[in-house]
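Notes to accompany the following structure.
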Amino acid sequence: MKKKILTIVFSIGVFGAGVGVGAVAVANVLSNIIEEYRTSSDKFLRMFQLMSQWVRLTQDGKSIKNYFIKKDYRDIAIYGKGHFGEAAAKELLGSGITVKYFIDQKADKDSGDFVVSPDSELEEVDVILVTPVTSYGEIKQRLVKKVSCPVISIEDILYEV
């Protein structure tokens with residue numbers, strides 16, 4: 001009888017330990033998922049706020065081209081062919097500012113000369129405009145090792161114009 005009770009107590013203890021370890025594992029997985037959602041949410045909030053700033057500037061009759069003209073940047077490259085990169089290129093059409101090429105991590109051999117990989121040889125331009133705002137620091141660190149021109153963020157321009 002005593003052996004049976006010890007077996008039951010031991011089984012309950014092992015079961016309890018398993019539940020505890022399982023709960024910790026589930027908590028870790030959920031914590032990681034929550035952190036991914038938080039990071040994504042912060043990114044999209046920042047992008048929304050930046051796009052709102054851009055709309056306000058446009059409504060006030062201002063443009064990012066003013067920044068480039070003031071700094072005498074005529075030939076530029078745009079890092080990031082996403083929403084901000086495409087919007088910047090479109091806004092600069094007919095302004096006297098030439099977008100020489102895009103730099104994009106998703107560029108491949110089929111992208112053509114107008115979209116190049118950050119690992120390729122980069123044609124000289126007056127400035128590189130970085131549009132992925134949440135990755136600006138890392139992108140700038142990589143680019144300044146490769147180019148001699150300034151590397152600027154679309155965010156800085158939109159709050160400076």
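The way I read the labels, and the way they are meant: chains A, B, ... in the order of the structure tokens, residue 1 as the first residue of every chain, and ligand 1 as the first ligand shown, with later ones counted on from there.
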Next item on the list: For stretch 120-125 of chain A, list every protein, DNA or RNA residue within 6 Å, evaluated using only C-alpha atoms, and leave out those in the same chain fewer than 3 positions away; present the list as a PyMOL selection string.
Entry: chain A and resi 75-76+117
Take the selection from the previous step and output its residues with N, CA, C and O atoms, as a compact mmCIF listing (two decimals), in the first residue's frame.
```
# COMPACT_ATOMS: atom_id res chain seq x y z
N ASP A 75 21.27 64.49 -58.58
CA ASP A 75 21.20 63.07 -58.93
C ASP A 75 21.14 62.26 -57.65
O ASP A 75 22.07 62.32 -56.83
N ILE A 76 20.06 61.49 -57.48
CA ILE A 76 19.90 60.74 -56.23
C ILE A 76 19.63 59.27 -56.51
O ILE A 76 19.21 58.89 -57.61
N SER A 117 20.95 45.73 -56.14
CA SER A 117 21.11 45.18 -54.79
C SER A 117 22.05 46.08 -53.99
O SER A 117 22.97 46.68 -54.55
```
Next item on the list: Could you pull out the residues in chain A that DSSP calls alpha helix (DSSP H) from the backbone, as number ranges by chain?
Entry: A: 2-59, 64-70, 83-92, 136-144, 154-160
Checklist line | All strand (DSSP E) positions in stretch 12-158 of chain A, as an MDAnalysis selection string | finding: chainID A and resid 75:79 98:103 115:116 127:130 151:153
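What separates atom CA of A:Gln49 from atom CA of A:Gly61 is a distance of 18.6 Å.
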Next item on the list: Compare A:Lys90, A:Lys100, A:Lys65, A:Lys145 by their minimum atom-to-atom distance to A:Ala77, counting only C-alpha atoms, and give me the closest one.
Entry: A:Lys100
Notebook entry, point to check: Can you list, as JSON, numbers by chain, every protein, DNA or RNA residue that comes within 10 Å of A:Met51 when you count only C-alpha atoms, leaving out same-chain residues fewer than 5 positions away?
Noted result: {"A": [45, 46, 56, 57, 83, 84, 87, 155, 158]}
Keeping only N, CA, C and O atoms, write those residues as a compact mmCIF listing (two decimals), in the first residue's frame.
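File produced: out.txt:
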```txt
# COMPACT_ATOMS: atom_id res chain seq x y z
N LEU A 45 2.71 52.11 -37.16
CA LEU A 45 2.31 53.40 -36.58
C LEU A 45 3.28 54.48 -37.03
O LEU A 45 2.86 55.57 -37.44
N ARG A 46 4.57 54.18 -36.99
CA ARG A 46 5.58 55.16 -37.41
C ARG A 46 5.41 55.51 -38.88
O ARG A 46 5.51 56.66 -39.28
N ARG A 56 0.40 66.40 -44.91
CA ARG A 56 0.31 67.78 -44.41
C ARG A 56 1.21 68.72 -45.21
O ARG A 56 0.81 69.84 -45.56
N LEU A 57 2.44 68.27 -45.50
CA LEU A 57 3.36 69.09 -46.29
C LEU A 57 2.78 69.37 -47.67
O LEU A 57 2.82 70.51 -48.15
N HIS A 83 6.54 51.54 -50.57
CA HIS A 83 5.59 52.66 -50.65
C HIS A 83 6.27 54.02 -50.61
O HIS A 83 5.98 54.89 -51.43
N PHE A 84 7.18 54.22 -49.66
CA PHE A 84 7.84 55.52 -49.52
C PHE A 84 8.79 55.80 -50.69
O PHE A 84 8.86 56.91 -51.19
N ALA A 87 6.70 56.65 -53.75
CA ALA A 87 6.07 57.97 -53.58
C ALA A 87 7.10 59.09 -53.76
O ALA A 87 6.81 60.11 -54.40
N GLU A 155 12.51 60.34 -43.38
CA GLU A 155 11.90 60.88 -42.17
C GLU A 155 12.51 62.24 -41.82
O GLU A 155 11.78 63.20 -41.51
N LEU A 158 11.21 64.90 -44.30
CA LEU A 158 9.80 65.26 -44.13
C LEU A 158 9.56 66.13 -42.89
O LEU A 158 8.60 66.90 -42.86
```
Item checked: Shell around stretch 66-73 of chain A at 8 Å using only C-alpha atoms, local window under 6 positions removed, as a PyMOL selection string -> chain A and resi 97+126-127+157+161
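Of the residues listed (A:Glu160, A:Thr134, A:Ile154, A:Glu35), A:Glu160 shows the shortest atom-to-atom separation from A:Lys62; distances use only C-alpha atoms.
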Checklist line | Length of the atom CA of A:Thr58 to atom CA of A:Cys149 vector [Å] | finding: 27.4 Å
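Using only C-alpha atoms for every distance, the candidate list A:Lys4, A:Lys140, A:Arg74, A:Lys81 yields A:Lys81 as the residue closest to A:Tyr101.
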